[in-house]
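J.: Encoded as structure tokens, here's the structure I'll be asking about.
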Amino acid sequence: MNEKVAVAGKIEIRINEAWCKGCAICVEFCPQDVLVMENGVAQVCNLEACTACGLCELRCPDFAITVKKG
Amino acid sequence: MAEKGKSNRVQVLSGNEACALGALAAGMRFYAGYPITPSSEVAEVLSLELPKVGGVFIQMEDEIASIGAIIGASLAGSKSMTATSGPGFSLMQENIGYASMAEVPIVIVNVMRGGPSTGLPTMPAQADIMQARWGTHGDHPVIALAPYSVREAFTLTVRAFNLAESFRTPVVLLMDEILGHVNEKVVLPLPQELEIVDRVRPQVSPQDYLPYAFTKNGVPPMVSFGEGYRYHVTGLAHDESGFPTNQPEKIERLLLRLNGKLEKNRENIVDFQVDDFDDAQVGVISYGSSARAARHAVRLAREAGIKAGLFRLKTIWPFADQEIEAHTKHLKAWIVPEMNLGQIAHEVEWVVGRSIPVHRINRIDGNPINPLEIMAKIKEIA
Amino acid sequence: MFDYETYLRTSKMPLIWCAGCGDGIVLKAMLRAIHKLGLEKDKICMVSGIGCSSRLTGYVDFNTLHTTHGRAITFATGIKMARPELHVIVVTGDGDATAIGGNHYIHAARRNIDLTVILFNNNIYGMTGGQVSPTTPLGKFASTAPYGNFENSFNISGLALAAGASFVARSTVYHATQLEKYVEKAILKKGFSVVEVITQCPTTYGRRNREGTAVDMMLAQKENSIPVSRARTMSEEELEGKIVTGILVDTEKPECRSEYQKIIDRFSQPTGSVETKR
């Protein structure tokens, strides 16, 4: 599984690149601009700003992004 | 005493009633159907009787819904049945293919009436022979049985369930209007005299269960929904695990197993009865209520010193081709009386080739075939 | 935040759906609702028809049945009548449930059989390439409506409501949390329940109708949604092109399988044996 994990403090964002289809729903609905599209898949670019609100996970249609708050 | 016990059990039943009782005796506990002449009595009897044994009867909004419901109920573990006639049987065809593909045991009773279209709702025909075989699209297996008496409407209904359960396949019981509505004096078998077959259950744990496994006899074990084996059922081409596949080798393997499983077990499926055949020179092949006329004609012929014999098909599909071939050897000719334009006669011609003539006697005007008409043909040939 | 994978057949993933399709968001809401209710996986039977949304049953770790086009509700009816202890959830789309399967949809509502129908409404036949559906709005384009749709469209929640369903709610993919609550209520309801979800098909509907990306389409769901309480104060003209969201009906009435159980309880014979004599 091509999984990318970004961890900052207690927040962990996992992106399963094999499942991500690059629709950008997570990127556009993130209120803190934490995510960005790169080469057709979502990437974490600004983890420090993440509040773990979970909107990206809620709306990802492909189960490709998960947010954990430790 | 035994004889006295038996005489107490004499009753007068129609074929439709006997069919309903046969289904109950076979363990059928779910019926869904839609009213249609001449089959409705099957539904009426079952609406009365099923709740008494804890079973379920439901009248659906059409025949497509009826067969959908019985497939669902069968997957949920109930032996299930529907009954209909030509127009309803036509509507069911797509889901008959589904039951073939997904290997769901169900029984479909078709009390045949004159067609095409609305045709002759209250008059008999035997013209759904080919629809029973090829009504749904694609290469597929199917079993069809044809009873010829009220008692046999009971026993072949039991057999229809046994075959459906044994081979995980839809089974069509081809009755006709005469048989459905005729009332006969019968003594039905007692429940303890019947052989009842249930689907083979898996011997493995849920993790190892393959709902479409390749087994020795071609039939995978089956478990009901809700019993801890969470599996997937689809009408799409699938692999052994039941999930869709588009890999050519897996598709071919599935379809060859599906189409081969009845052929593999044909001696347990193909059933027929011969009367007066040992020295016969003229053979009559018939089935369903036409076989009643045929039997009478053969008896008249024997009384007149003509060596005639009856070969009665009890299993219509798979076709008794090997058995008919074996009975052709000493014959001058076959006669095939049937209430259609030669649907079984055509199969017989295919079996015997040009070795002997195949004479057709067809009736398509909603009336039964007269034994004297068959007798006349026997005389002509002999 | 939520362990979806407990409920998924992950070996079958990624999902078949196009990038930006809303169906996966609905699936997530359904799984959260099922988890919240604490339902046993073995006791859930999910039944679907044919179409994009109906492929959902291949991905969830329940008893799953992918049936023929339009007929999911009939198979589900058989399952529920035969094994009432199962939670039977139907997954279907606008074409599947209201065109080819329309008769079964209204009769299941009339009988009030205890099924939960999650109806994915994307206004188009996606899987076959974007043909016009019973919910394609007047004037919109489809591969078989190249000059614009010249037919009126269905209010499919209204149809279920009029036919006698116990519970009918409408939501959108954008309102995923609201959707989850409606699914939960629908499963809990003893009777025929429908949750109509407005979901986007960016591939065959959005592109042809210049509605932008999946994100644009979800934002339009947000913009156009009117809660049912407010919609009741609005005129038909004002509601043109709007999505009325909320619980449209939530009522108690006799349920088909429970009524049948009363008959069984009253007439079943203690021995349960079958007589071959009438």
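By convention in this document, the chains of the structure tokens carry letters A, B, ... by their order, each chain's residues are numbered from 1, and ligands are numbered from 1 in the order they are shown.
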Can you tell me, as a list of chain:residue names, what residues are no more than 6 Å from stretch 260-274 of chain B when counting only C-alpha atoms, ignoring any on the same chain fewer than 4 positions away?
T.: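 So the residues in contact are B:Gly218, B:Leu256, B:Leu310, B:Phe311, B:Arg312, B:Leu313, B:Lys314, B:Thr315.
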J.: Any chance you could export the current selection's N, CA, C and O atoms as a PDB file, in the first residue's frame?
T.:
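That gives us result_34.pdb:
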ATOM      1  N   GLY B 218     -19.520 -30.655  -9.127  1.00  0.00           N
ATOM      2  CA  GLY B 218     -19.829 -29.396  -9.804  1.00  0.00           C
ATOM      3  C   GLY B 218     -20.762 -28.483  -9.040  1.00  0.00           C
ATOM      4  O   GLY B 218     -21.113 -27.410  -9.529  1.00  0.00           O
ATOM      5  N   LEU B 256     -18.333 -23.097 -17.769  1.00  0.00           N
ATOM      6  CA  LEU B 256     -18.256 -24.521 -18.104  1.00  0.00           C
ATOM      7  C   LEU B 256     -18.741 -25.375 -16.936  1.00  0.00           C
ATOM      8  O   LEU B 256     -19.433 -26.366 -17.130  1.00  0.00           O
ATOM      9  N   LEU B 310     -45.202 -46.952 -25.101  1.00  0.00           N
ATOM     10  CA  LEU B 310     -45.170 -45.536 -24.704  1.00  0.00           C
ATOM     11  C   LEU B 310     -43.861 -45.213 -23.989  1.00  0.00           C
ATOM     12  O   LEU B 310     -43.444 -45.935 -23.075  1.00  0.00           O
ATOM     13  N   PHE B 311     -43.239 -44.151 -24.411  1.00  0.00           N
ATOM     14  CA  PHE B 311     -42.074 -43.598 -23.711  1.00  0.00           C
ATOM     15  C   PHE B 311     -42.517 -42.239 -23.172  1.00  0.00           C
ATOM     16  O   PHE B 311     -42.727 -41.305 -23.931  1.00  0.00           O
ATOM     17  N   ARG B 312     -42.688 -42.175 -21.857  1.00  0.00           N
ATOM     18  CA  ARG B 312     -43.217 -40.931 -21.278  1.00  0.00           C
ATOM     19  C   ARG B 312     -42.101 -40.154 -20.579  1.00  0.00           C
ATOM     20  O   ARG B 312     -41.448 -40.661 -19.660  1.00  0.00           O
ATOM     21  N   LEU B 313     -41.915 -38.931 -21.016  1.00  0.00           N
ATOM     22  CA  LEU B 313     -40.896 -38.072 -20.417  1.00  0.00           C
ATOM     23  C   LEU B 313     -41.409 -37.512 -19.096  1.00  0.00           C
ATOM     24  O   LEU B 313     -42.458 -36.874 -19.058  1.00  0.00           O
ATOM     25  N   LYS B 314     -40.659 -37.740 -18.025  1.00  0.00           N
ATOM     26  CA  LYS B 314     -40.982 -37.080 -16.751  1.00  0.00           C
ATOM     27  C   LYS B 314     -40.021 -35.904 -16.550  1.00  0.00           C
ATOM     28  O   LYS B 314     -40.377 -34.913 -15.936  1.00  0.00           O
ATOM     29  N   THR B 315     -38.814 -36.073 -17.060  1.00  0.00           N
ATOM     30  CA  THR B 315     -37.873 -34.950 -17.109  1.00  0.00           C
ATOM     31  C   THR B 315     -37.851 -34.440 -18.546  1.00  0.00           C
ATOM     32  O   THR B 315     -37.592 -35.220 -19.468  1.00  0.00           O
TER      33      THR B 315
END
J.: Give me, as JSON lines, each residue of chain B that comes within 6 Å of chain C, together with its shortest interatomic pair and the distance in Å at one decimal, counting only C-alpha atoms, with rows ordered by chain and rising residue number.
T.:
{"residue": "B:Pro51", "atom": "CA", "partner": "C:Ile264", "partner_atom": "CA", "distance": 4.7}
{"residue": "B:Lys52", "atom": "CA", "partner": "C:Ser268", "partner_atom": "CA", "distance": 3.7}
{"residue": "B:Val53", "atom": "CA", "partner": "C:Gly272", "partner_atom": "CA", "distance": 5.0}
{"residue": "B:Gly54", "atom": "CA", "partner": "C:Ile264", "partner_atom": "CA", "distance": 5.7}
{"residue": "B:Ala65", "atom": "CA", "partner": "C:Thr74", "partner_atom": "CA", "distance": 5.0}
{"residue": "B:Gly68", "atom": "CA", "partner": "C:Phe75", "partner_atom": "CA", "distance": 4.6}
{"residue": "B:Ala69", "atom": "CA", "partner": "C:Gly78", "partner_atom": "CA", "distance": 3.9}
{"residue": "B:Ile70", "atom": "CA", "partner": "C:Gly78", "partner_atom": "CA", "distance": 5.8}
{"residue": "B:Gly72", "atom": "CA", "partner": "C:Phe75", "partner_atom": "CA", "distance": 4.3}
{"residue": "B:Ala73", "atom": "CA", "partner": "C:Gly78", "partner_atom": "CA", "distance": 4.4}
{"residue": "B:Ala76", "atom": "CA", "partner": "C:Ile79", "partner_atom": "CA", "distance": 5.5}
{"residue": "B:Phe225", "atom": "CA", "partner": "C:Asn63", "partner_atom": "CA", "distance": 5.9}
{"residue": "B:Gly226", "atom": "CA", "partner": "C:Asp42", "partner_atom": "CA", "distance": 5.2}
{"residue": "B:Gly228", "atom": "CA", "partner": "C:Asp42", "partner_atom": "CA", "distance": 5.3}
{"residue": "B:Arg230", "atom": "CA", "partner": "C:Asn63", "partner_atom": "CA", "distance": 4.6}
{"residue": "B:Tyr231", "atom": "CA", "partner": "C:Asn63", "partner_atom": "CA", "distance": 5.5}
{"residue": "B:His232", "atom": "CA", "partner": "C:Thr64", "partner_atom": "CA", "distance": 4.8}
{"residue": "B:Val233", "atom": "CA", "partner": "C:Leu65", "partner_atom": "CA", "distance": 4.8}
{"residue": "B:Thr234", "atom": "CA", "partner": "C:His66", "partner_atom": "CA", "distance": 4.7}
J.: Export C-alpha atoms of the chosen residues as a PDB file, in the first residue's frame?
T.:
ATOM      1  CA  PRO B  51     -48.871 -19.851   7.936  1.00  0.00           C
ATOM      2  CA  LYS B  52     -50.068 -23.066   9.577  1.00  0.00           C
ATOM      3  CA  VAL B  53     -46.545 -24.481   9.256  1.00  0.00           C
ATOM      4  CA  GLY B  54     -44.802 -21.218  10.082  1.00  0.00           C
ATOM      5  CA  ALA B  65     -41.231  -9.315  -8.179  1.00  0.00           C
ATOM      6  CA  GLY B  68     -37.108 -11.851  -7.136  1.00  0.00           C
ATOM      7  CA  ALA B  69     -38.701 -12.506  -3.756  1.00  0.00           C
ATOM      8  CA  ILE B  70     -38.268 -16.279  -3.952  1.00  0.00           C
ATOM      9  CA  GLY B  72     -34.099 -13.624  -1.899  1.00  0.00           C
ATOM     10  CA  ALA B  73     -35.951 -16.010   0.416  1.00  0.00           C
ATOM     11  CA  ALA B  76     -32.099 -16.481   3.327  1.00  0.00           C
ATOM     12  CA  PHE B 225     -27.506 -15.298   4.743  1.00  0.00           C
ATOM     13  CA  GLY B 226     -27.284 -14.416   8.414  1.00  0.00           C
ATOM     14  CA  GLY B 228     -21.955 -15.961   9.945  1.00  0.00           C
ATOM     15  CA  ARG B 230     -20.734 -13.088   4.931  1.00  0.00           C
ATOM     16  CA  TYR B 231     -20.413 -13.579   1.212  1.00  0.00           C
ATOM     17  CA  HIS B 232     -21.316 -11.814  -2.018  1.00  0.00           C
ATOM     18  CA  VAL B 233     -23.840 -12.927  -4.596  1.00  0.00           C
ATOM     19  CA  THR B 234     -23.987 -11.357  -8.044  1.00  0.00           C
TER      20      THR B 234
END
J.: Could you build a table of the residues in stretch 82-192 of chain B lying no more than 10 Å from stretch 12-29 of chain B, giving for each the nearest pair of atoms and their separation in Å rounded to one decimal place, using only C-alpha atoms, ordered by chain and ascending residue number, as CSV?
T.:
residue,atom,partner,partner_atom,distance
B:Ala83,CA,B:Ala20,CA,9.4
B:Ile106,CA,B:Met28,CA,9.7
B:Val107,CA,B:Ala23,CA,9.1
B:Val109,CA,B:Cys19,CA,8.6
B:Val111,CA,B:Asn16,CA,8.4
B:Pro147,CA,B:Gly15,CA,9.1
B:Tyr148,CA,B:Gly15,CA,9.1
B:Ser149,CA,B:Gly15,CA,7.2
B:Val150,CA,B:Gly15,CA,4.5
B:Arg151,CA,B:Ala18,CA,6.8
B:Glu152,CA,B:Ala18,CA,8.3
B:Ala153,CA,B:Cys19,CA,5.1
B:Phe154,CA,B:Gly22,CA,4.3
B:Thr155,CA,B:Gly22,CA,6.3
B:Leu156,CA,B:Gly22,CA,7.8
B:Thr157,CA,B:Gly22,CA,5.4
B:Val158,CA,B:Ala26,CA,4.9
B:Arg159,CA,B:Ala26,CA,8.0
B:Ala160,CA,B:Ala23,CA,8.8
B:Phe161,CA,B:Ala26,CA,6.5
B:Asn162,CA,B:Ala26,CA,7.6
B:Leu173,CA,B:Cys19,CA,9.4
B:Met175,CA,B:Gly15,CA,8.3
B:Asp176,CA,B:Gly15,CA,9.2
B:Glu177,CA,B:Gly15,CA,9.1
B:Ile178,CA,B:Gly15,CA,8.4
B:Leu179,CA,B:Gly15,CA,5.2
B:Gly180,CA,B:Gly15,CA,4.3
B:His181,CA,B:Ser14,CA,5.4
B:Val182,CA,B:Ser14,CA,5.2
B:Asn183,CA,B:Ser14,CA,4.2
B:Glu184,CA,B:Val12,CA,5.3
B:Lys185,CA,B:Val12,CA,4.4
B:Val186,CA,B:Val12,CA,6.1
B:Val187,CA,B:Val12,CA,8.7
B:Leu188,CA,B:Ala18,CA,8.6
B:Pro189,CA,B:Gly22,CA,9.6
B:Leu190,CA,B:Ala25,CA,8.9
B:Pro191,CA,B:Ala25,CA,6.4
B:Gln192,CA,B:Ala25,CA,9.7
J.: Identify, with DSSP run on backbone atoms, the residues in chain A assigned to helix (DSSP H, G or I), and express the list as a PyMOL selection string.
T.: chain A and resi 25-29+47-49+55-59
J.: Please report, as a list in words, each residue of chain A to which DSSP assigns strand (DSSP E) when run on this structure's backbone.
T.: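 Secondary structure check on chain A, strand (DSSP E): Glu3, Lys4, Val5, Ala6, Val7, Ala8, Ile11, Glu12, Ile13, Arg14, Ile15, Asn16, Leu35, Val36, Met37, Glu38, Val41, Ala42, Gln43, Val44, Ile65, Thr66, Val67, Lys68 and Lys69 of chain A.
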J.: Please produce a file of those selected residues containing C-alpha atoms, as a PDB file, in the first residue's frame.
T.:
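This is the output file result.pdb:
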ATOM      1  CA  GLU A   3       0.556   5.142   2.244  1.00  0.00           C
ATOM      2  CA  LYS A   4       1.947   8.509   3.239  1.00  0.00           C
ATOM      3  CA  VAL A   5       1.805   9.516   6.852  1.00  0.00           C
ATOM      4  CA  ALA A   6       2.231  13.034   8.135  1.00  0.00           C
ATOM      5  CA  VAL A   7       2.530  13.525  11.891  1.00  0.00           C
ATOM      6  CA  ALA A   8       2.704  16.756  13.831  1.00  0.00           C
ATOM      7  CA  ILE A  11      -2.279  14.910  14.772  1.00  0.00           C
ATOM      8  CA  GLU A  12      -1.667  12.262  12.165  1.00  0.00           C
ATOM      9  CA  ILE A  13      -2.886  12.380   8.557  1.00  0.00           C
ATOM     10  CA  ARG A  14      -2.643   9.264   6.440  1.00  0.00           C
ATOM     11  CA  ILE A  15      -3.123   9.299   2.695  1.00  0.00           C
ATOM     12  CA  ASN A  16      -3.546   6.027   0.837  1.00  0.00           C
ATOM     13  CA  LEU A  35      -3.749  19.831   1.783  1.00  0.00           C
ATOM     14  CA  VAL A  36      -2.636  20.266  -1.799  1.00  0.00           C
ATOM     15  CA  MET A  37      -2.876  18.258  -5.025  1.00  0.00           C
ATOM     16  CA  GLU A  38       0.444  16.981  -6.341  1.00  0.00           C
ATOM     17  CA  VAL A  41      -2.943  12.758  -5.501  1.00  0.00           C
ATOM     18  CA  ALA A  42      -3.601  14.647  -2.268  1.00  0.00           C
ATOM     19  CA  GLN A  43      -0.576  15.631  -0.194  1.00  0.00           C
ATOM     20  CA  VAL A  44      -0.149  17.280   3.190  1.00  0.00           C
ATOM     21  CA  ILE A  65      -7.511  10.027   3.804  1.00  0.00           C
ATOM     22  CA  THR A  66      -7.748   9.519   7.539  1.00  0.00           C
ATOM     23  CA  VAL A  67      -7.110  11.965  10.339  1.00  0.00           C
ATOM     24  CA  LYS A  68      -6.172  10.866  13.832  1.00  0.00           C
ATOM     25  CA  LYS A  69      -5.832  13.011  16.887  1.00  0.00           C
TER      26      LYS A  69
END
J.: So how many Å separate atom CA of C:Asn209 and atom CA of C:Phe141, to one decimal?
T.: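 These atoms are spaced 5.9 Å apart.
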